[in-house]
file entry_0.csv (CSV, C-alpha atoms)
chain,number,residue,atom,x,y,z
A,81,MET,CA,-5.8,259.4,90.6
A,82,GLN,CA,-4.0,260.6,93.7
A,83,GLU,CA,-0.8,258.6,93.0
A,84,ILE,CA,-0.4,259.8,89.4
A,85,GLN,CA,-1.2,263.4,90.4
A,86,ARG,CA,1.2,263.2,93.3
A,87,ALA,CA,4.0,261.8,91.1
A,88,LEU,CA,3.5,264.5,88.5
A,89,GLN,CA,3.8,267.2,91.1
A,90,GLU,CA,6.9,265.6,92.6
A,91,VAL,CA,8.7,265.3,89.2
A,92,GLY,CA,7.5,268.8,88.2
A,93,SER,CA,8.9,270.3,91.4
A,94,THR,CA,12.4,269.0,90.4
A,95,LEU,CA,12.4,270.5,86.9
A,96,ARG,CA,14.4,273.6,86.0
A,97,GLU,CA,12.6,276.6,84.5
A,98,GLY,CA,12.0,276.0,80.8
A,99,VAL,CA,12.3,272.2,80.9
A,100,ALA,CA,9.2,270.4,79.6
A,101,LEU,CA,8.0,267.1,81.1
A,102,LEU,CA,7.0,264.4,78.7
A,103,ALA,CA,5.0,261.7,80.4
A,104,VAL,CA,6.1,258.4,78.7
A,105,SER,CA,2.8,256.5,78.5
A,106,LYS,CA,3.9,253.5,76.4
A,107,THR,CA,2.3,250.2,77.6
A,108,HIS,CA,0.2,252.1,80.1
A,109,PRO,CA,-3.6,252.1,79.6
A,110,SER,CA,-5.6,255.1,78.4
A,111,GLU,CA,-7.2,255.4,81.9
A,112,TYR,CA,-3.8,256.3,83.3
A,113,ILE,CA,-3.2,258.9,80.7
A,114,GLN,CA,-6.6,260.4,81.3
A,115,GLU,CA,-5.8,260.7,85.0
A,116,ALA,CA,-2.5,262.5,84.2
A,117,TYR,CA,-4.4,264.7,81.8
A,118,ASP,CA,-7.0,265.6,84.5
A,119,ALA,CA,-4.1,266.5,86.7
A,120,GLY,CA,-2.9,269.0,84.1
A,121,GLN,CA,-0.4,267.1,82.0
A,122,ARG,CA,-0.6,267.7,78.3
A,123,ASP,CA,2.6,266.2,76.7
A,124,PHE,CA,2.7,262.4,76.4
A,125,ALA,CA,5.2,260.1,74.6
A,126,GLU,CA,4.6,256.8,72.8
A,127,ASN,CA,7.0,254.5,70.9
A,128,LYS,CA,4.7,252.3,68.8
A,129,VAL,CA,2.4,253.7,66.1
A,130,GLN,CA,-0.4,251.2,66.6
A,131,GLU,CA,-0.6,251.8,70.3
A,132,LEU,CA,-0.5,255.6,69.8
A,133,GLN,CA,-3.3,255.3,67.2
A,134,SER,CA,-5.6,253.5,69.6
A,135,LYS,CA,-5.0,256.1,72.3
A,136,VAL,CA,-5.4,259.1,70.1
A,137,GLU,CA,-8.9,257.9,69.2
A,138,VAL,CA,-10.2,257.8,72.8
A,139,LEU,CA,-8.3,260.5,74.6
A,140,PRO,CA,-8.7,264.4,74.6
A,141,LYS,CA,-7.8,266.0,71.3
A,142,ASP,CA,-5.7,268.7,72.8
A,143,ILE,CA,-3.0,266.3,74.0
A,144,ARG,CA,0.4,266.9,72.5
A,145,TRP,CA,1.6,263.5,71.3
A,146,HIS,CA,5.4,262.9,71.0
A,147,PHE,CA,6.7,259.9,69.1
A,148,ILE,CA,9.9,258.5,70.8
A,149,GLY,CA,10.3,255.0,69.2
A,150,HIS,CA,11.9,253.8,66.0
A,151,LEU,CA,9.7,255.1,63.2
A,152,GLN,CA,9.3,252.9,60.1
A,153,THR,CA,8.8,254.8,56.9
A,154,ASN,CA,5.6,252.9,56.1
A,155,LYS,CA,4.0,254.0,59.3
A,156,VAL,CA,4.7,257.8,59.0
A,157,LYS,CA,1.4,258.5,57.2
A,158,TYR,CA,-0.6,257.3,60.2
A,159,ILE,CA,0.8,259.9,62.6
A,160,VAL,CA,1.4,262.9,60.3
A,161,PRO,CA,-2.1,264.3,60.8
A,162,TYR,CA,-1.7,264.9,64.6
A,163,ILE,CA,1.8,264.3,65.9
A,164,HIS,CA,3.2,267.2,67.9
A,165,LEU,CA,6.9,266.2,67.7
A,166,ILE,CA,8.9,263.2,66.3
A,167,HIS,CA,12.0,262.7,68.4
A,168,THR,CA,13.7,259.9,66.5
A,169,VAL,CA,14.6,261.0,63.0
A,170,ASP,CA,17.8,259.1,62.2
A,171,SER,CA,18.1,259.3,58.4
A,172,MET,CA,17.5,261.5,55.4
A,173,ARG,CA,15.2,258.8,54.0
A,174,LEU,CA,12.9,259.2,57.0
A,175,LEU,CA,13.0,263.0,56.7
A,176,GLN,CA,12.0,262.7,53.0
A,177,THR,CA,9.2,260.3,53.8
A,178,ILE,CA,7.8,262.6,56.5
A,179,SER,CA,8.0,265.5,54.1
A,180,LYS,CA,6.2,263.5,51.4
A,181,GLU,CA,3.4,262.5,53.7
A,182,VAL,CA,2.9,266.0,55.1
A,183,VAL,CA,2.6,267.4,51.6
A,184,LYS,CA,0.2,264.7,50.7
A,185,PHE,CA,-1.9,265.4,53.8
A,186,ASN,CA,-1.9,269.1,53.2
A,187,THR,CA,-3.0,268.7,49.6
A,188,ALA,CA,-5.8,266.4,50.6
A,189,ASN,CA,-7.0,268.6,53.4
A,190,ASN,CA,-6.3,272.1,52.1
A,191,SER,CA,-4.0,272.7,55.1
A,192,GLN,CA,-0.6,274.1,55.8
A,193,ARG,CA,0.5,271.6,58.5
A,194,VAL,CA,4.2,271.5,59.5
A,195,VAL,CA,5.6,268.6,61.4
A,196,ASP,CA,8.3,269.3,64.0
A,197,VAL,CA,11.1,266.8,64.3
A,198,LEU,CA,14.3,266.2,66.3
A,199,LEU,CA,17.4,264.4,64.9
A,200,GLU,CA,18.4,261.5,67.1
A,201,VAL,CA,22.1,261.2,67.8
A,202,HIS,CA,23.8,258.0,69.0
A,203,ILE,CA,26.0,258.8,72.0
A,204,ALA,CA,25.5,255.7,74.2
A,205,GLN,CA,28.0,252.8,74.4
A,206,GLU,CA,25.3,250.2,73.5
A,207,GLU,CA,25.4,249.4,69.8
A,208,THR,CA,21.7,248.4,70.1
A,209,LYS,CA,20.6,252.0,70.6
A,210,SER,CA,19.7,253.8,67.3
A,211,GLY,CA,20.6,257.3,66.1
A,212,LEU,CA,23.0,259.1,63.8
A,213,SER,CA,26.7,259.2,64.4
A,214,ILE,CA,28.3,262.6,64.6
A,215,ASP,CA,29.6,262.3,61.0
A,216,GLU,CA,26.2,261.1,59.7
A,217,LEU,CA,24.5,264.1,61.5
A,218,GLU,CA,26.9,266.5,59.7
A,219,GLU,CA,26.2,264.9,56.3
A,220,LEU,CA,22.4,265.0,56.9
A,221,LEU,CA,22.5,268.7,57.9
A,222,LYS,CA,24.7,269.7,54.9
A,223,GLU,CA,22.1,268.0,52.7
A,224,TRP,CA,19.3,269.7,54.5
A,225,VAL,CA,20.8,273.2,54.3
A,226,ALA,CA,21.4,272.6,50.5
A,227,SER,CA,17.8,271.5,49.9
A,228,PRO,CA,15.3,271.9,52.8
A,229,LEU,CA,12.3,269.7,52.7
A,230,GLU,CA,8.7,271.0,52.6
A,231,GLY,CA,6.4,270.5,55.6
A,232,ILE,CA,9.1,269.8,58.2
A,233,ARG,CA,10.8,271.9,60.9
A,234,ILE,CA,13.9,270.6,62.6
A,235,ARG,CA,13.6,271.8,66.2
A,236,GLY,CA,16.7,270.3,67.7
A,237,LEU,CA,18.4,267.1,68.8
A,238,MET,CA,17.5,264.0,70.9
A,239,ALA,CA,19.7,261.4,72.5
A,240,MET,CA,19.7,258.5,75.1
A,241,ALA,CA,22.6,258.1,77.4
A,242,SER,CA,24.3,254.8,78.1
A,243,ASN,CA,22.4,252.4,80.4
A,244,THR,CA,24.9,252.3,83.2
A,245,ASP,CA,25.2,253.1,86.8
A,246,ASP,CA,28.3,255.2,86.0
A,247,MET,CA,26.8,258.6,86.4
A,248,VAL,CA,30.1,260.3,85.5
A,249,GLN,CA,29.9,258.6,82.1
A,250,VAL,CA,26.2,259.6,81.7
A,251,GLU,CA,27.0,263.2,82.6
A,252,GLY,CA,29.8,263.3,80.1
A,253,GLU,CA,27.5,262.1,77.4
A,254,PHE,CA,24.9,264.7,78.2
A,255,GLU,CA,27.5,267.4,78.2
A,256,GLN,CA,28.7,266.1,74.8
A,257,MET,CA,25.2,266.5,73.5
A,258,ASN,CA,24.8,270.0,75.0
A,259,GLN,CA,28.0,271.1,73.1
A,260,LEU,CA,26.9,269.4,69.9
A,261,LYS,CA,23.5,271.1,70.0
A,262,GLN,CA,25.3,274.5,70.4
A,263,LYS,CA,27.7,273.7,67.5
A,264,VAL,CA,24.8,272.6,65.2
A,265,LYS,CA,22.8,275.7,66.1
A,266,ALA,CA,25.7,278.0,65.3
A,267,THR,CA,26.7,276.2,62.1
A,268,TYR,CA,23.4,275.3,60.5
A,269,PHE,CA,20.5,277.2,62.4
A,270,ALA,CA,22.1,280.5,63.5
A,271,ASP,CA,19.2,282.5,62.1
A,272,ASP,CA,16.4,280.0,63.1
A,273,ASP,CA,14.9,280.7,66.5
A,274,LYS,CA,12.9,277.5,66.3
A,275,PHE,CA,16.0,275.3,66.6
A,276,ASP,CA,15.8,275.3,70.4
A,277,GLN,CA,15.2,271.8,71.7
A,278,LEU,CA,17.4,269.1,73.3
A,279,SER,CA,15.5,266.1,74.3
A,280,MET,CA,17.4,263.9,76.8
A,281,GLY,CA,17.0,262.4,80.2
A,282,MET,CA,14.7,259.7,81.5
A,283,SER,CA,13.4,258.6,84.9
A,284,GLY,CA,16.8,257.6,86.2
A,285,ASP,CA,19.0,260.4,84.9
A,286,TYR,CA,16.8,263.4,84.0
A,287,MET,CA,18.2,265.5,86.8
A,288,LEU,CA,21.7,265.3,85.2
A,289,ALA,CA,20.2,265.9,81.8
A,290,GLN,CA,18.6,269.2,82.6
A,291,LYS,CA,21.9,270.2,84.3
A,292,HIS,CA,23.5,269.9,80.8
A,293,GLY,CA,21.0,271.8,78.7
A,294,SER,CA,18.1,269.4,78.2
A,295,THR,CA,14.8,271.2,77.4
A,296,MET,CA,12.6,268.1,77.5
A,297,VAL,CA,12.8,265.1,79.8
A,298,ARG,CA,11.1,261.8,79.1
A,299,VAL,CA,9.7,260.3,82.3
A,300,GLY,CA,7.6,257.2,82.5
A,301,SER,CA,8.0,254.9,85.5
A,302,ARG,CA,8.3,257.7,88.0
A,303,ILE,CA,4.8,258.8,87.0
A,304,PHE,CA,2.9,255.7,86.0
A,305,GLY,CA,4.9,252.9,87.8
A,306,ALA,CA,6.5,249.9,86.2
A,307,ARG,CA,5.5,249.0,82.6
A,308,ASP,CA,3.5,245.9,81.8
A,309,TYR,CA,5.0,244.5,78.6
A,310,SER,CA,2.7,241.4,78.8
A,311,LYS,CA,0.1,243.4,76.9
call {"tool": "encode", "arguments": {"input": "entry_0.csv", "output": "structure tokens"}}
result
Amino acid sequence: MQEIQRALQEVGSTLREGVALLAVSKTHPSEYIQEAYDAGQRDFAENKVQELQSKVEVLPKDIRWHFIGHLQTNKVKYIVPYIHLIHTVDSMRLLQTISKEVVKFNTANNSQRVVDVLLEVHIAQEETKSGLSIDELEELLKEWVASPLEGIRIRGLMAMASNTDDMVQVEGEFEQMNQLKQKVKATYFADDDKFDQLSMGMSGDYMLAQKHGSTMVRVGSRIFGARDYSK
């Protein structure tokens, strides 16, 4: 308990005003999440639907769950009822699926749920990283403006910087995203106060990310320690 609580306090003390801390809990047991929750943390991030489902069932209901992994369209229906924010929308097809599942959920439950999403942009050098290219982002946004989808709110952008020790490059990528978010805001969401999020920065580079406009940092190993992928 003390280690996780201390780690949360240490990371929290380095955050700029207005920057939210997402505790990346993927691969870590529910007991660790409960300890962080007891220390006051409420935002947690997972990257696999099945693992997220199992944790949602046993952990406090007021946790704000963020999905940060690749989301398959056939898994959307499982997280729509409770997800706080999906960070990794990388196609119009995925947006359409989320909308369809939200409408279906609302109809069945007589509710008016709206799911918040971020559009993931590919800025890293690694081809293996997912996300929209700048051109694909522009095309998606033009389509969105022409015909917005029901049950969805686009809250901002998300990106991962290159996995490199070259912090000058990383900082350049973060600044590129900062400028892109401002451009997208001015062009497509000028009258939408809810378009206000830029999710970028992880354990090794979040200090640089918040320097360049990040509003959410995704920190895992600094809080929970090394991940155990054997499970």
call {"tool": "closest_residue", "arguments": {"input": "entry_0.csv", "among": "A:Leu165, A:Val201, A:Met172, A:Ile143", "to": "A:Arg233", "atoms": "all atoms listed in the file"}}
result
A:Leu165
call {"tool": "closest_residue", "arguments": {"input": "entry_0.csv", "among": "A:His164, A:Lys157, A:Phe254, A:Asp276", "to": "A:Lys291", "atoms": "all atoms listed in the file"}}
result
A:Phe254
call {"tool": "residues_near_point", "arguments": {"input": "entry_0.csv", "point": "(0.1, 275.0, 58.0)", "cutoff": "12 Å", "atoms": "only C-alpha atoms", "output": "JSON, numbers by chain"}}
result
{"A": [161, 182, 183, 185, 186, 187, 189, 190, 191, 192, 193, 194, 195, 196, 230, 231, 232, 233]}
call {"tool": "closest_residue", "arguments": {"input": "entry_0.csv", "among": "A:Ser213, A:Gln262, A:Thr168, A:Ser93", "to": "A:Ile148", "atoms": "only C-alpha atoms"}}
result
A:Thr168
call {"tool": "atom_distance", "arguments": {"input": "entry_0.csv", "atom1": "atom CA of A:Gly236", "atom2": "atom CA of A:Lys261"}}
result
7.2 Å
call {"tool": "atom_distance", "arguments": {"input": "entry_0.csv", "atom1": "atom CA of A:Arg235", "atom2": "atom CA of A:Gln130"}}
result
24.9 Å
call {"tool": "closest_residue", "arguments": {"input": "entry_0.csv", "among": "A:Pro109, A:Gly305, A:Gly284, A:Pro228", "to": "A:Lys135", "atoms": "only C-alpha atoms"}}
result
A:Pro109
call {"tool": "residues_around", "arguments": {"input": "entry_0.csv", "residues": "A:Arg122", "least_positions_apart": "3", "cutoff": "9 Å", "atoms": "only C-alpha atoms", "output": "JSON, numbers by chain"}}
result
{"A": [102, 103, 116, 117, 142, 143, 144, 145]}
call {"tool": "build_atoms", "arguments": {"input": "entry_0.csv", "residues": "stretch 197-215 of chain A", "atoms": "N, CA, C and O atoms", "output": "PDB file, in the coordinates of the input"}}
result
ATOM      1  N   VAL A 197      10.340 267.974  64.100  1.00  0.00           N
ATOM      2  CA  VAL A 197      11.100 266.800  64.300  1.00  0.00           C
ATOM      3  C   VAL A 197      12.417 267.103  65.076  1.00  0.00           C
ATOM      4  O   VAL A 197      12.889 268.247  65.058  1.00  0.00           O
ATOM      5  N   LEU A 198      12.957 266.079  65.730  1.00  0.00           N
ATOM      6  CA  LEU A 198      14.300 266.200  66.300  1.00  0.00           C
ATOM      7  C   LEU A 198      15.165 265.111  65.636  1.00  0.00           C
ATOM      8  O   LEU A 198      14.679 264.048  65.238  1.00  0.00           O
ATOM      9  N   LEU A 199      16.438 265.398  65.503  1.00  0.00           N
ATOM     10  CA  LEU A 199      17.400 264.400  64.900  1.00  0.00           C
ATOM     11  C   LEU A 199      17.998 263.642  66.083  1.00  0.00           C
ATOM     12  O   LEU A 199      18.559 264.222  67.024  1.00  0.00           O
ATOM     13  N   GLU A 200      17.871 262.328  66.008  1.00  0.00           N
ATOM     14  CA  GLU A 200      18.400 261.500  67.100  1.00  0.00           C
ATOM     15  C   GLU A 200      19.861 261.165  66.859  1.00  0.00           C
ATOM     16  O   GLU A 200      20.261 260.705  65.786  1.00  0.00           O
ATOM     17  N   VAL A 201      20.656 261.402  67.893  1.00  0.00           N
ATOM     18  CA  VAL A 201      22.100 261.200  67.800  1.00  0.00           C
ATOM     19  C   VAL A 201      22.486 260.027  68.720  1.00  0.00           C
ATOM     20  O   VAL A 201      22.011 259.914  69.861  1.00  0.00           O
ATOM     21  N   HIS A 202      23.358 259.158  68.223  1.00  0.00           N
ATOM     22  CA  HIS A 202      23.800 258.000  69.000  1.00  0.00           C
ATOM     23  C   HIS A 202      25.055 258.380  69.797  1.00  0.00           C
ATOM     24  O   HIS A 202      26.122 258.623  69.238  1.00  0.00           O
ATOM     25  N   ILE A 203      24.894 258.461  71.117  1.00  0.00           N
ATOM     26  CA  ILE A 203      26.000 258.800  72.000  1.00  0.00           C
ATOM     27  C   ILE A 203      26.332 257.692  72.996  1.00  0.00           C
ATOM     28  O   ILE A 203      27.368 257.684  73.642  1.00  0.00           O
ATOM     29  N   ALA A 204      25.406 256.737  73.138  1.00  0.00           N
ATOM     30  CA  ALA A 204      25.500 255.700  74.200  1.00  0.00           C
ATOM     31  C   ALA A 204      26.559 254.643  73.745  1.00  0.00           C
ATOM     32  O   ALA A 204      26.881 254.482  72.563  1.00  0.00           O
ATOM     33  N   GLN A 205      27.036 253.887  74.723  1.00  0.00           N
ATOM     34  CA  GLN A 205      28.000 252.800  74.400  1.00  0.00           C
ATOM     35  C   GLN A 205      27.303 251.631  73.763  1.00  0.00           C
ATOM     36  O   GLN A 205      27.912 250.931  72.961  1.00  0.00           O
ATOM     37  N   GLU A 206      26.017 251.394  74.084  1.00  0.00           N
ATOM     38  CA  GLU A 206      25.300 250.200  73.500  1.00  0.00           C
ATOM     39  C   GLU A 206      25.129 250.407  72.016  1.00  0.00           C
ATOM     40  O   GLU A 206      24.584 251.404  71.562  1.00  0.00           O
ATOM     41  N   GLU A 207      25.564 249.411  71.257  1.00  0.00           N
ATOM     42  CA  GLU A 207      25.400 249.400  69.800  1.00  0.00           C
ATOM     43  C   GLU A 207      23.912 249.272  69.440  1.00  0.00           C
ATOM     44  O   GLU A 207      23.492 249.642  68.343  1.00  0.00           O
ATOM     45  N   THR A 208      23.120 248.695  70.355  1.00  0.00           N
ATOM     46  CA  THR A 208      21.700 248.400  70.100  1.00  0.00           C
ATOM     47  C   THR A 208      20.885 249.721  69.986  1.00  0.00           C
ATOM     48  O   THR A 208      19.820 249.744  69.378  1.00  0.00           O
ATOM     49  N   LYS A 209      21.376 250.769  70.602  1.00  0.00           N
ATOM     50  CA  LYS A 209      20.600 252.000  70.600  1.00  0.00           C
ATOM     51  C   LYS A 209      20.778 252.658  69.159  1.00  0.00           C
ATOM     52  O   LYS A 209      21.830 252.589  68.537  1.00  0.00           O
ATOM     53  N   SER A 210      19.701 253.270  68.692  1.00  0.00           N
ATOM     54  CA  SER A 210      19.700 253.800  67.300  1.00  0.00           C
ATOM     55  C   SER A 210      20.157 255.289  67.373  1.00  0.00           C
ATOM     56  O   SER A 210      20.408 255.867  68.425  1.00  0.00           O
ATOM     57  N   GLY A 211      20.227 255.878  66.189  1.00  0.00           N
ATOM     58  CA  GLY A 211      20.600 257.300  66.100  1.00  0.00           C
ATOM     59  C   GLY A 211      21.753 257.497  65.123  1.00  0.00           C
ATOM     60  O   GLY A 211      22.457 256.577  64.714  1.00  0.00           O
ATOM     61  N   LEU A 212      21.913 258.748  64.739  1.00  0.00           N
ATOM     62  CA  LEU A 212      23.000 259.100  63.800  1.00  0.00           C
ATOM     63  C   LEU A 212      24.303 259.276  64.530  1.00  0.00           C
ATOM     64  O   LEU A 212      24.357 259.763  65.669  1.00  0.00           O
ATOM     65  N   SER A 213      25.379 258.869  63.878  1.00  0.00           N
ATOM     66  CA  SER A 213      26.700 259.200  64.400  1.00  0.00           C
ATOM     67  C   SER A 213      26.950 260.672  64.162  1.00  0.00           C
ATOM     68  O   SER A 213      26.200 261.327  63.422  1.00  0.00           O
ATOM     69  N   ILE A 214      27.990 261.208  64.769  1.00  0.00           N
ATOM     70  CA  ILE A 214      28.300 262.600  64.600  1.00  0.00           C
ATOM     71  C   ILE A 214      28.539 262.938  63.107  1.00  0.00           C
ATOM     72  O   ILE A 214      28.050 263.932  62.562  1.00  0.00           O
ATOM     73  N   ASP A 215      29.281 262.061  62.435  1.00  0.00           N
ATOM     74  CA  ASP A 215      29.600 262.300  61.000  1.00  0.00           C
ATOM     75  C   ASP A 215      28.298 262.189  60.171  1.00  0.00           C
ATOM     76  O   ASP A 215      28.111 262.990  59.243  1.00  0.00           O
TER      77      ASP A 215
END
